[in-house]
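So this one's model24.tsv, TSV, C-alpha atoms:
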chain	number	residue	atom	x	y	z
A	6	MET	CA	65.82	156.96	260.85
A	7	ASN	CA	62.44	155.64	261.99
A	8	THR	CA	63.17	156.62	265.58
A	9	ILE	CA	63.90	160.21	264.57
A	10	ILE	CA	60.62	160.42	262.66
A	11	LYS	CA	58.78	158.81	265.57
A	12	LEU	CA	60.32	161.30	268.04
A	13	ALA	CA	59.52	164.24	265.76
A	14	ARG	CA	55.91	163.14	265.36
A	15	ARG	CA	55.50	162.75	269.12
A	16	ASN	CA	57.07	166.17	269.73
A	17	ILE	CA	54.82	167.84	267.16
A	18	TRP	CA	51.63	166.47	268.66
A	19	ARG	CA	52.76	166.85	272.28
A	20	ASN	CA	51.30	170.36	272.27
A	21	LYS	CA	48.42	170.20	269.74
A	22	ARG	CA	47.39	173.83	270.16
A	23	ARG	CA	50.89	175.13	269.40
A	24	THR	CA	51.12	172.83	266.36
A	25	LEU	CA	47.75	173.95	264.98
A	26	ILE	CA	48.55	177.64	265.53
A	27	THR	CA	51.92	177.26	263.79
A	28	ALA	CA	50.40	175.27	260.90
A	29	ALA	CA	47.60	177.83	260.51
A	30	ALA	CA	50.10	180.72	260.54
A	31	ILE	CA	52.21	179.06	257.84
A	32	PHE	CA	49.10	178.24	255.79
A	33	PHE	CA	47.76	181.81	255.90
A	34	ALA	CA	51.19	183.34	255.21
A	35	VAL	CA	51.63	181.17	252.10
A	36	PHE	CA	48.02	181.71	251.02
A	37	PHE	CA	48.18	185.51	251.30
A	38	SER	CA	51.62	185.61	249.69
A	39	VAL	CA	50.36	183.67	246.67
A	40	PHE	CA	47.14	185.72	246.60
A	41	MET	CA	48.98	189.06	246.65
A	42	GLN	CA	51.45	187.95	243.99
A	43	SER	CA	48.53	186.87	241.81
A	44	VAL	CA	46.80	190.22	242.29
A	45	GLN	CA	50.03	192.10	241.53
A	46	LYS	CA	50.69	190.07	238.39
A	47	GLY	CA	47.11	190.56	237.25
A	48	ILE	CA	47.31	194.32	237.76
A	49	PHE	CA	50.65	194.60	235.93
A	50	ASP	CA	49.46	192.42	233.05
A	51	ASN	CA	46.27	194.46	232.75
A	52	MET	CA	48.24	197.74	232.75
A	53	GLU	CA	50.60	196.40	230.10
A	54	PHE	CA	47.76	195.11	227.93
A	55	GLY	CA	45.89	198.41	228.27
A	56	MET	CA	48.94	200.42	227.25
A	57	VAL	CA	49.74	198.17	224.34
A	58	LYS	CA	46.13	198.03	223.15
A	59	SER	CA	45.42	201.74	223.48
A	60	TYR	CA	48.67	203.31	222.36
A	61	VAL	CA	51.79	201.34	221.51
A	62	GLY	CA	50.23	198.47	219.60
A	63	PHE	CA	51.27	194.85	219.46
A	64	GLY	CA	53.84	195.40	216.74
A	65	GLN	CA	56.12	198.22	215.69
A	66	ILE	CA	58.23	198.92	212.64
A	67	HIS	CA	61.52	200.75	213.07
A	68	THR	CA	64.69	201.15	211.07
A	69	LYS	CA	67.61	198.89	211.90
A	70	GLY	CA	69.58	200.25	214.85
A	71	PHE	CA	66.75	202.46	216.12
A	72	PHE	CA	66.67	200.95	219.61
A	73	GLU	CA	70.39	201.52	220.08
A	74	ASP	CA	70.10	205.21	219.13
A	75	GLN	CA	66.51	206.48	219.35
A	76	THR	CA	66.86	209.80	217.56
A	77	LEU	CA	64.88	211.42	214.77
A	78	ASP	CA	67.90	210.84	212.53
A	79	ASN	CA	67.11	207.12	212.69
A	80	ALA	CA	63.46	207.57	211.70
A	81	PHE	CA	62.35	206.69	208.18
A	82	LEU	CA	59.97	208.44	205.85
A	83	TYR	CA	56.46	207.09	205.80
A	84	ASP	CA	54.91	206.22	202.46
A	85	GLU	CA	51.89	204.29	201.22
A	86	LYS	CA	53.98	201.11	200.88
A	87	MET	CA	53.67	200.75	204.65
A	88	ASP	CA	49.87	200.69	204.35
A	89	GLU	CA	50.12	198.05	201.62
A	90	LEU	CA	52.42	195.96	203.79
A	91	ALA	CA	50.01	196.16	206.74
A	92	ALA	CA	47.02	195.33	204.50
A	93	LYS	CA	48.69	192.06	203.43
A	94	TYR	CA	48.19	190.53	206.87
A	95	ASP	CA	44.74	189.64	208.17
A	96	ASP	CA	45.87	189.92	211.79
A	97	VAL	CA	46.80	193.60	211.39
A	98	LYS	CA	43.67	195.56	212.27
A	99	ASN	CA	45.14	199.05	212.49
A	100	PHE	CA	48.33	200.63	211.27
A	101	VAL	CA	49.17	204.05	212.69
A	102	PRO	CA	52.25	205.97	211.57
A	103	ARG	CA	53.77	208.08	214.34
A	104	ILE	CA	56.88	210.04	214.98
A	105	GLU	CA	57.83	210.70	218.60
A	106	SER	CA	60.28	213.08	220.16
A	107	PHE	CA	60.63	215.07	223.34
A	108	ALA	CA	59.93	218.76	223.71
A	109	LEU	CA	60.28	221.46	226.31
A	110	ALA	CA	57.18	223.55	226.94
A	111	SER	CA	57.33	226.79	228.88
A	112	ASN	CA	54.92	229.46	230.02
A	113	GLY	CA	56.29	232.36	232.02
A	114	GLN	CA	58.60	230.90	234.65
A	115	ALA	CA	57.21	227.34	234.40
A	116	THR	CA	58.95	224.80	232.19
A	117	LYS	CA	57.93	221.19	231.64
A	118	GLY	CA	59.26	218.37	229.53
A	119	GLY	CA	56.82	216.48	227.38
A	120	MET	CA	56.56	213.95	224.62
A	121	LEU	CA	55.79	215.31	221.17
A	122	VAL	CA	53.92	212.89	218.90
A	123	GLY	CA	53.18	213.48	215.24
A	124	VAL	CA	50.26	211.40	213.99
A	125	ASP	CA	47.91	210.76	211.11
A	126	ILE	CA	44.76	212.11	212.78
A	127	ASN	CA	42.28	209.68	211.22
A	128	LYS	CA	44.35	206.54	211.76
A	129	GLU	CA	45.28	207.61	215.28
A	130	ASN	CA	41.65	208.18	216.18
A	131	ALA	CA	40.69	204.77	214.79
A	132	LEU	CA	43.16	203.10	217.17
A	133	THR	CA	43.03	205.22	220.32
A	134	GLN	CA	39.63	206.96	220.06
A	135	LEU	CA	41.51	210.11	221.06
A	136	SER	CA	38.71	212.42	219.89
A	137	GLU	CA	36.46	211.02	222.65
A	138	LYS	CA	39.06	211.85	225.29
A	139	VAL	CA	39.37	215.57	224.52
A	140	VAL	CA	38.33	217.46	227.67
A	141	LYS	CA	38.44	221.03	226.38
A	142	GLY	CA	38.51	222.23	222.79
A	143	THR	CA	38.06	220.08	219.70
A	144	TYR	CA	39.86	217.23	218.04
A	145	PHE	CA	41.92	217.84	214.90
A	146	GLU	CA	40.26	218.55	211.58
A	147	ALA	CA	41.63	217.89	208.09
A	148	ASN	CA	44.58	220.15	207.19
A	149	ASP	CA	44.51	221.55	210.70
A	150	ASN	CA	47.77	223.01	212.06
A	151	SER	CA	46.94	222.63	215.72
A	152	VAL	CA	48.30	220.91	218.80
A	153	LEU	CA	46.56	218.67	221.28
A	154	VAL	CA	48.03	219.16	224.76
A	155	ALA	CA	47.60	216.73	227.65
A	156	GLU	CA	45.56	218.02	230.56
A	157	GLY	CA	48.47	217.84	233.02
A	158	LEU	CA	50.79	219.80	230.74
A	159	ALA	CA	48.06	222.35	229.98
A	160	ASP	CA	47.63	223.05	233.70
What would you get if you wrote out this structure as structure tokens?
Amino acid sequence: MNTIIKLARRNIWRNKRRTLITAAAIFFAVFFSVFMQSVQKGIFDNMEFGMVKSYVGFGQIHTKGFFEDQTLDNAFLYDEKMDELAAKYDDVKNFVPRIESFALASNGQATKGGMLVGVDINKENALTQLSEKVVKGTYFEANDNSVLVAEGLAD
């Protein structure tokens, strides 16, 4: 076994320039591979955290079986008991009731699919600061029967 290692060592250093170029190529390939994976993971984690923080939230309450069949039939009625439940826990900073569904919007010959979200306007604004993101028009007012449309869908 020692002779094989001795022969390998001699062969490696027989051409020092080739050995250094090969070692440098391997080093840089591994370095850039690890670097790019780190950047990619950081970007994905940041996107996920931003989405969770600004919209979805870190916890959700659904009825049993909702994830198997995500229809409005499996939604439950919101009442003030949910607010009391959320207020019990110090870690819960915001509690926003929402109901989500999909809708088809059309104008003339153009038709687009979109997500329809029903919200409590004050609680939603406390979590997402949605009123600051309105580009054209105004944010909801109390007892307002209006719709807020995303800029892409409005175009």
task: Tell me, as a ChimeraX atom specification, which residues lie within 10 Å of segment 134-139 of chain A, counting all atoms listed in the file; anything in the same chain fewer than 3 positions away does not count.
output: /A:59-60,126-131,142-145,153-156
message: Taking only C-alpha atoms into account, name the residue in A:Val101, A:Val152, A:Ala159, A:Ala80 that is nearest to Val61 of chain A.
response: A:Val101
message: Counting all atoms listed in the file, which residue out of A:Met41, A:Leu77, A:Leu82, A:Ile10 sits closest to Val122 of chain A?
response: A:Leu77
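Atom to atom, atom CA of Met56 of chain A and atom CA of Thr133 of chain A stand 10.3 Å apart.
With all atoms listed in the file as the basis for measurement, A:Val124 is the residue among A:Val124, A:Met87, A:Ala92, A:Ala13 that approaches Ile104 of chain A most closely.
What separates atom CA of Phe100 of chain A from atom CA of Ile66 of chain A is a distance of 10.1 Å.
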Edge lengths and centre in Å, axis-aligned, segment 128-138 of chain A plus 6 Å each side, as JSON:
{"center_x": 40.9, "center_y": 207.8, "center_z": 218.5, "size_x": 20.8, "size_y": 21.3, "size_z": 25.5}
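For Phe107 of chain A, the list of residues within 12 Å, based on only C-alpha atoms and with local chain neighbours fewer than 2 positions off taken out, reads Gln75, Thr76, Leu77, Ile104, Glu105, Leu109, Ala110, Lys117, Gly118, Gly119, Met120, Leu121, Val122 and Gly123 of chain A.
Take atom CA of Ala28 of chain A and atom CA of Phe40 of chain A: the distance between them is 18.0 Å.
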- prompt: From the list A:Arg19, A:Asn99, A:Met6, A:Leu158, which residue is nearest Lys58 of chain A when using only C-alpha atoms?
  reply: A:Asn99
